[in-house]
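Right, one structure below, let's go through it.
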Amino acid sequence: MTRRLAQVAKKVGVSEATVSRVLNGKPGVSPATRQSVLTALDVLGYERPTQLRGERARLVGLVLPELQNPIFPAFAEVIGGALAQQGLTPVLCTQTKGGVSEADYVELLLQQQVSGVVFAGGLFAQADAPHDHYRLLAERRIPVVLINAPIENLDFPCISCDDAVAVEQAWRHLSSLGHERIGLVLGPADHVPSRRKLAAGHAAYAAQGGGPALPDERVERAMFSLEGGRAAAARLLDRGVTGIICASDPLALGAVRAARRRGLAVPGEVSVVGYDDSAFMNCTEPPLTTVRQPIEAMGRAAVEMLNAQIQGATVPSGELLFEPELVVRGSTGQAPRSG
């Protein structure tokens with residue numbers, strides 16, 4: 001018991017006497033401190049005293065597909081901060097290769113009696129992936145908010161950056177610099193944001209007068225990594241593409257590397273546009289032109305939607321689209337003169 005008091009007190013930053021007052025239901029503790037102590041009990045894996053067990057844990061699952069892409073830690077920071085302001089504690093669930101699956105995390109979160117779950121990218125963004133664990137959350141009426149892709153046939157509210165506008169902005173920028181041979185590096189075929197970017201690429205190509213659809217040889221797919229971007233961009237460069245629009249910043253950095261390996265100057269001979277504007281993209285060489293997701297606004301909106309559901313309010317299902325912003329830096333320039 002004494003060890004438990006000490007651990008909880010250390011976790012919350014209060015005295016053991018304060019923890020004891022909360023556990024014994026004594027007065028003289030602020031609601032916020034009381035909640036923090038109860039949350040710390042949950043996080044540390046201690047059972048609540050019998051008289052306090054009726055309250056649902058003020059925990060919220062935050063499920064991310066990975067942490068290597070800087071965009072996901074950025075979302076975690078914004079969402080975690082916004083949850084804390086609402087008296088909610090995030091439980092970070094990150095998938096790793098061969099590690100705990102998303103479905104396993106959902107099972108774990110349900111056991112912890114979480115108040116809700118935020119998915120910032122994950123299997124729900126893959127149309128062909130298993131979605132049974134999302135249906136389980138819907139059946140249990142657990143508040144859920146999705147970031148950057150909806151799930152068909154499930155009415156979870158969704159916060160997304162407008163993929164179509166992102167590609168439109170990037171394409172218009174490269175066209176204004178004289179690029180006519182523009183290619184796309186996207187994620188897997190069932191990745192919903194990549195599907196949307198591809199549809200926007202077809203529309204931009206048609207608007208440029210190139211024909212009804214972007215030719216297949218102008219589109220390459222890759223896993224979301226630097227290496228994936230390098231390999232996909234190398235194939236586009238083989239076909240004479242001078243402007244490359246990528247579905248993430250790591251893919252774009254891979255494309256820059258592919259150009260350099262061929263002795264091509266960026267942006268002198270090849271221009272590259274990323275997507276996200278994640279951390280340090282202004283520090284790369286050259287600094288990366290990219291389309292910025294409004295992470296702060298999206299993360300806060302997701303928490304507001306989740307908290308409204310937790311409070312019992314009805315939140316409109318469907319998707320709330322946020323406008324991206326083109327950030328022009330040094331990886332794009334005038335198209336090379338042919339001949």
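Each chain in the structure tokens gets a letter, A, B and so on, in the order shown; residues start at 1 in every chain, and ligands are counted from 1 in the order they appear.
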
**Prompt:** So which residues touch segment 180-191 of chain A within 6 Å, counting only C-alpha atoms, skipping near sequence neighbours fewer than 2 positions away, as a PyMOL selection string?
**Reply:** chain A and resi 125-127+193-194+218-223+241-247

Just C-alpha atoms for this one: save the residues we selected as an mmCIF file, in the first residue's frame.
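Output contents, as saved in part_14.cif:
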data_model
loop_
_atom_site.group_PDB
_atom_site.id
_atom_site.type_symbol
_atom_site.label_atom_id
_atom_site.label_comp_id
_atom_site.auth_asym_id
_atom_site.auth_seq_id
_atom_site.Cartn_x
_atom_site.Cartn_y
_atom_site.Cartn_z
ATOM 1 C CA ALA A 125 -6.893 4.233 -44.010
ATOM 2 C CA GLN A 126 -6.381 0.981 -45.959
ATOM 3 C CA ALA A 127 -9.650 0.046 -47.662
ATOM 4 C CA PRO A 193 -5.512 9.363 -48.917
ATOM 5 C CA SER A 194 -3.304 8.108 -51.791
ATOM 6 C CA ARG A 218 3.634 8.778 -64.289
ATOM 7 C CA VAL A 219 2.414 7.093 -61.074
ATOM 8 C CA GLU A 220 4.557 5.013 -58.726
ATOM 9 C CA ARG A 221 3.597 3.446 -55.405
ATOM 10 C CA ALA A 222 5.789 2.806 -52.382
ATOM 11 C CA MET A 223 5.739 1.998 -48.700
ATOM 12 C CA VAL A 241 9.789 13.078 -65.260
ATOM 13 C CA THR A 242 11.114 16.491 -64.136
ATOM 14 C CA GLY A 243 8.616 17.254 -61.324
ATOM 15 C CA ILE A 244 7.699 14.772 -58.568
ATOM 16 C CA ILE A 245 4.811 15.164 -56.106
ATOM 17 C CA CYS A 246 5.074 12.837 -53.099
ATOM 18 C CA ALA A 247 2.445 11.641 -50.601
#

**Which of segment 2-222 of chain A DSSP labels alpha helix (DSSP H), written as JSON, numbers by chain** = {"A": [2, 3, 4, 5, 6, 7, 8, 9, 10, 11, 12, 16, 17, 18, 19, 20, 21, 22, 23, 31, 32, 33, 34, 35, 36, 37, 38, 39, 40, 41, 42, 43, 44, 71, 72, 73, 74, 75, 76, 77, 78, 79, 80, 81, 82, 83, 84, 85, 102, 103, 104, 105, 106, 107, 108, 109, 110, 111, 132, 133, 134, 135, 136, 137, 138, 139, 163, 164, 165, 166, 167, 168, 169, 170, 171, 172, 173, 174, 175, 176, 192, 193, 194, 195, 196, 197, 198, 199, 200, 201, 202, 203, 204, 205, 206, 207]}

**Item:** DSSP-assigned strand (DSSP E) among segment 61-302 of chain A, expressed as a PyMOL selection string
**Value:** chain A and resi 61-64+89-94+116-120+144-147+157-161+182-186+219-221+243-246+271-276+289-292

**Request:** Name the closest residue to Thr33 of chain A among the candidates A:Pro70, A:Pro65, A:Pro130, A:Gly87; distances are taken between atoms, counting only C-alpha atoms.
**Result:**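 Closest to Thr33 of chain A, using only C-alpha atoms: A:Gly87.
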
**Message:** Neighbouring residues of Leu110 of chain A were defined as those with any atom within 12 Å, considering only C-alpha atoms; residues of the same chain fewer than 2 positions away were excluded. Please report them as a VMD selection string.
**Reply:** chain A and resid 56 to 57 59 to 61 91 103 to 108 112 to 117 133 to 134 136 to 143

Wanna dump the segment 140-242 of chain A-segment 263-276 of chain A contacts at 9 Å for me, each residue with its shortest atom pair and the distance in Å to one decimal, counting only C-alpha atoms, ordered by chain and number, as JSON lines?
{"residue": "A:Ala166", "atom": "CA", "partner": "A:Tyr275", "partner_atom": "CA", "distance": 7.8}
{"residue": "A:Ala170", "atom": "CA", "partner": "A:Val273", "partner_atom": "CA", "distance": 6.8}
{"residue": "A:Leu174", "atom": "CA", "partner": "A:Ser271", "partner_atom": "CA", "distance": 7.8}
{"residue": "A:His179", "atom": "CA", "partner": "A:Ser271", "partner_atom": "CA", "distance": 8.7}
{"residue": "A:Leu237", "atom": "CA", "partner": "A:Val270", "partner_atom": "CA", "distance": 8.7}
{"residue": "A:Val241", "atom": "CA", "partner": "A:Val270", "partner_atom": "CA", "distance": 7.9}
{"residue": "A:Thr242", "atom": "CA", "partner": "A:Val270", "partner_atom": "CA", "distance": 4.8}

Write a file of the just-selected residues containing all heavy atoms, as an mmCIF file, in the first residue's frame.
data_model
loop_
_atom_site.group_PDB
_atom_site.id
_atom_site.type_symbol
_atom_site.label_atom_id
_atom_site.label_comp_id
_atom_site.auth_asym_id
_atom_site.auth_seq_id
_atom_site.Cartn_x
_atom_site.Cartn_y
_atom_site.Cartn_z
ATOM 1 N N ALA A 166 -4.372 19.511 -51.860
ATOM 2 C CA ALA A 166 -2.913 19.403 -51.707
ATOM 3 C C ALA A 166 -2.241 19.128 -53.054
ATOM 4 O O ALA A 166 -1.253 19.787 -53.423
ATOM 5 C CB ALA A 166 -2.577 18.301 -50.706
ATOM 6 N N ALA A 170 0.196 21.632 -55.379
ATOM 7 C CA ALA A 170 1.540 21.199 -55.785
ATOM 8 C C ALA A 170 1.666 21.172 -57.307
ATOM 9 O O ALA A 170 2.667 21.623 -57.879
ATOM 10 C CB ALA A 170 1.835 19.815 -55.200
ATOM 11 N N LEU A 174 4.198 23.405 -59.759
ATOM 12 C CA LEU A 174 5.176 22.859 -60.703
ATOM 13 C C LEU A 174 4.879 23.310 -62.134
ATOM 14 O O LEU A 174 5.796 23.614 -62.905
ATOM 15 C CB LEU A 174 5.183 21.328 -60.624
ATOM 16 C CG LEU A 174 5.760 20.722 -59.329
ATOM 17 C CD1 LEU A 174 5.617 19.203 -59.323
ATOM 18 C CD2 LEU A 174 7.224 21.115 -59.150
ATOM 19 N N HIS A 179 7.058 22.924 -65.622
ATOM 20 C CA HIS A 179 7.128 21.455 -65.669
ATOM 21 C C HIS A 179 5.911 20.897 -66.400
ATOM 22 O O HIS A 179 4.774 21.233 -66.073
ATOM 23 C CB HIS A 179 7.195 20.873 -64.251
ATOM 24 C CG HIS A 179 8.475 21.185 -63.545
ATOM 25 N ND1 HIS A 179 9.610 20.414 -63.665
ATOM 26 C CD2 HIS A 179 8.812 22.217 -62.726
ATOM 27 C CE1 HIS A 179 10.589 20.939 -62.940
ATOM 28 N NE2 HIS A 179 10.127 22.040 -62.363
ATOM 29 N N LEU A 237 12.140 8.849 -62.778
ATOM 30 C CA LEU A 237 13.240 9.568 -63.450
ATOM 31 C C LEU A 237 13.673 8.822 -64.715
ATOM 32 O O LEU A 237 14.046 9.445 -65.707
ATOM 33 C CB LEU A 237 14.423 9.736 -62.487
ATOM 34 C CG LEU A 237 14.174 10.667 -61.296
ATOM 35 C CD1 LEU A 237 15.335 10.600 -60.307
ATOM 36 C CD2 LEU A 237 13.950 12.106 -61.756
ATOM 37 N N VAL A 241 10.565 12.139 -66.086
ATOM 38 C CA VAL A 241 9.789 13.078 -65.260
ATOM 39 C C VAL A 241 10.725 14.148 -64.693
ATOM 40 O O VAL A 241 11.838 13.849 -64.266
ATOM 41 C CB VAL A 241 9.068 12.301 -64.125
ATOM 42 C CG1 VAL A 241 8.595 13.229 -63.036
ATOM 43 C CG2 VAL A 241 7.900 11.505 -64.691
ATOM 44 N N THR A 242 10.279 15.404 -64.696
ATOM 45 C CA THR A 242 11.114 16.491 -64.136
ATOM 46 C C THR A 242 10.535 17.070 -62.850
ATOM 47 O O THR A 242 11.225 17.788 -62.130
ATOM 48 C CB THR A 242 11.261 17.647 -65.148
ATOM 49 O OG1 THR A 242 9.971 18.249 -65.370
ATOM 50 C CG2 THR A 242 11.866 17.175 -66.453
#

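We find atom CA of Ser30 of chain A and atom CA of Ala84 of chain A to be spaced 15.9 Å apart.
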
Taking a cut-off of 10 Å and counting only C-alpha atoms, can you build a table that, for each residue of segment 168-262 of chain A near segment 319-329 of chain A, reports the nearest atom pair and how far apart they are in Å (one decimal), sorted by chain then residue number, as CSV?
residue,atom,partner,partner_atom,distance
A:Glu168,CA,A:Leu326,CA,9.9
A:Gln169,CA,A:Leu326,CA,6.4
A:Ala170,CA,A:Leu326,CA,6.9
A:His173,CA,A:Leu326,CA,8.6

**Asked** Residues at most 10 Å from Val37 of chain A, counting only C-alpha atoms, excluding those fewer than 5 positions away in the same chain, as a ChimeraX atom specification?
**Response** /A:5,8-9,11-14,18-20,22-23,31-32,42-43

Would you output that residue set with N, CA, C and O atoms, as a PDB file, in the first residue's frame?
ATOM      1  N   LEU A   5       1.121   4.191  -2.821  1.00  0.00           N
ATOM      2  CA  LEU A   5       0.953   5.625  -2.531  1.00  0.00           C
ATOM      3  C   LEU A   5       2.129   6.424  -3.082  1.00  0.00           C
ATOM      4  O   LEU A   5       1.955   7.468  -3.703  1.00  0.00           O
ATOM      5  N   VAL A   8       2.141   6.537  -7.022  1.00  0.00           N
ATOM      6  CA  VAL A   8       1.089   7.417  -7.553  1.00  0.00           C
ATOM      7  C   VAL A   8       1.422   8.876  -7.251  1.00  0.00           C
ATOM      8  O   VAL A   8       1.275   9.751  -8.109  1.00  0.00           O
ATOM      9  N   ALA A   9       1.907   9.146  -6.037  1.00  0.00           N
ATOM     10  CA  ALA A   9       2.266  10.513  -5.653  1.00  0.00           C
ATOM     11  C   ALA A   9       3.356  11.066  -6.571  1.00  0.00           C
ATOM     12  O   ALA A   9       3.294  12.212  -7.030  1.00  0.00           O
ATOM     13  N   LYS A  11       4.047  10.041  -9.640  1.00  0.00           N
ATOM     14  CA  LYS A  11       3.505  10.167 -10.998  1.00  0.00           C
ATOM     15  C   LYS A  11       2.731  11.483 -11.153  1.00  0.00           C
ATOM     16  O   LYS A  11       2.844  12.180 -12.160  1.00  0.00           O
ATOM     17  N   VAL A  12       1.949  11.826 -10.130  1.00  0.00           N
ATOM     18  CA  VAL A  12       1.088  13.012 -10.221  1.00  0.00           C
ATOM     19  C   VAL A  12       1.806  14.283  -9.789  1.00  0.00           C
ATOM     20  O   VAL A  12       1.457  15.383 -10.203  1.00  0.00           O
ATOM     21  N   GLY A  13       2.842  14.105  -8.930  1.00  0.00           N
ATOM     22  CA  GLY A  13       3.542  15.281  -8.423  1.00  0.00           C
ATOM     23  C   GLY A  13       2.852  15.894  -7.221  1.00  0.00           C
ATOM     24  O   GLY A  13       2.841  17.124  -7.043  1.00  0.00           O
ATOM     25  N   VAL A  14       2.226  15.032  -6.390  1.00  0.00           N
ATOM     26  CA  VAL A  14       1.569  15.510  -5.160  1.00  0.00           C
ATOM     27  C   VAL A  14       2.100  14.682  -3.990  1.00  0.00           C
ATOM     28  O   VAL A  14       2.874  13.752  -4.168  1.00  0.00           O
ATOM     29  N   THR A  18      -2.025  13.446   0.007  1.00  0.00           N
ATOM     30  CA  THR A  18      -3.080  13.833  -0.945  1.00  0.00           C
ATOM     31  C   THR A  18      -3.642  12.598  -1.643  1.00  0.00           C
ATOM     32  O   THR A  18      -4.856  12.443  -1.802  1.00  0.00           O
ATOM     33  N   VAL A  19      -2.749  11.692  -2.062  1.00  0.00           N
ATOM     34  CA  VAL A  19      -3.191  10.457  -2.703  1.00  0.00           C
ATOM     35  C   VAL A  19      -4.079   9.664  -1.752  1.00  0.00           C
ATOM     36  O   VAL A  19      -5.134   9.144  -2.128  1.00  0.00           O
ATOM     37  N   SER A  20      -3.665   9.593  -0.492  1.00  0.00           N
ATOM     38  CA  SER A  20      -4.433   8.862   0.514  1.00  0.00           C
ATOM     39  C   SER A  20      -5.833   9.449   0.685  1.00  0.00           C
ATOM     40  O   SER A  20      -6.821   8.715   0.783  1.00  0.00           O
ATOM     41  N   VAL A  22      -7.562  11.044  -1.567  1.00  0.00           N
ATOM     42  CA  VAL A  22      -8.370  10.686  -2.742  1.00  0.00           C
ATOM     43  C   VAL A  22      -8.856   9.249  -2.623  1.00  0.00           C
ATOM     44  O   VAL A  22     -10.043   8.953  -2.822  1.00  0.00           O
ATOM     45  N   LEU A  23      -7.950   8.339  -2.272  1.00  0.00           N
ATOM     46  CA  LEU A  23      -8.303   6.914  -2.216  1.00  0.00           C
ATOM     47  C   LEU A  23      -9.342   6.624  -1.134  1.00  0.00           C
ATOM     48  O   LEU A  23     -10.120   5.677  -1.240  1.00  0.00           O
ATOM     49  N   PRO A  31     -10.927  18.881  -7.746  1.00  0.00           N
ATOM     50  CA  PRO A  31     -11.393  17.872  -8.718  1.00  0.00           C
ATOM     51  C   PRO A  31     -10.300  17.464  -9.713  1.00  0.00           C
ATOM     52  O   PRO A  31     -10.189  16.296 -10.085  1.00  0.00           O
ATOM     53  N   ALA A  32      -9.498  18.444 -10.142  1.00  0.00           N
ATOM     54  CA  ALA A  32      -8.448  18.143 -11.135  1.00  0.00           C
ATOM     55  C   ALA A  32      -7.401  17.204 -10.547  1.00  0.00           C
ATOM     56  O   ALA A  32      -6.968  16.241 -11.189  1.00  0.00           O
ATOM     57  N   ASP A  42      -4.891   4.089 -12.844  1.00  0.00           N
ATOM     58  CA  ASP A  42      -5.198   3.303 -14.045  1.00  0.00           C
ATOM     59  C   ASP A  42      -3.935   3.043 -14.858  1.00  0.00           C
ATOM     60  O   ASP A  42      -3.681   1.926 -15.308  1.00  0.00           O
ATOM     61  N   VAL A  43      -3.149   4.116 -15.072  1.00  0.00           N
ATOM     62  CA  VAL A  43      -1.949   4.011 -15.906  1.00  0.00           C
ATOM     63  C   VAL A  43      -0.934   3.057 -15.284  1.00  0.00           C
ATOM     64  O   VAL A  43      -0.285   2.265 -15.975  1.00  0.00           O
TER      65      VAL A  43
END

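Ranking A:Leu146, A:Ala199, A:Gln208, A:Asp155 by their shortest atom-to-atom distance to Met305 of chain A, with only C-alpha atoms included, puts A:Leu146 first.
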
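If you measure from each of A:Ala213, A:Ala259, A:Leu177, A:Val192 to Ala335 of chain A using only C-alpha atoms, the closest one turns out to be A:Leu177.
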
**Item:** Neighbour list for Gly178 of chain A as a list in words, cut-off 9 Å, only C-alpha atoms, skip fewer than 5 positions in-chain
**Value:**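 Selected residues are Gly333, Gln334, Ala335 and Pro336 of chain A.
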
**Message:** What's around Val63 of chain A at 8 Å? Count only C-alpha atoms, leave out sequence neighbours fewer than 2 positions away in its own chain, and write the answer as an MDAnalysis selection string.
**Reply:** chainID A and resid 61 65 92:94 102 117:122

**Asked** Smallest atom-to-atom distance to Ala255 of chain A: which of A:Cys283, A:Asn24, A:Ser331, A:Ala302, using only C-alpha atoms?
**Response** A:Ser331

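Of the residues under consideration (A:Ser15, A:Tyr46, A:Leu62, A:Ala74), A:Ser15 shows the shortest atom-to-atom contact distance to Val29 of chain A when counting only C-alpha atoms.
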
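Nearest-residue note for Met298 of chain A: choosing from A:Val145, A:Ala200, A:Leu88, A:Ala231, the minimum distance belongs to A:Val145, counting only C-alpha atoms.
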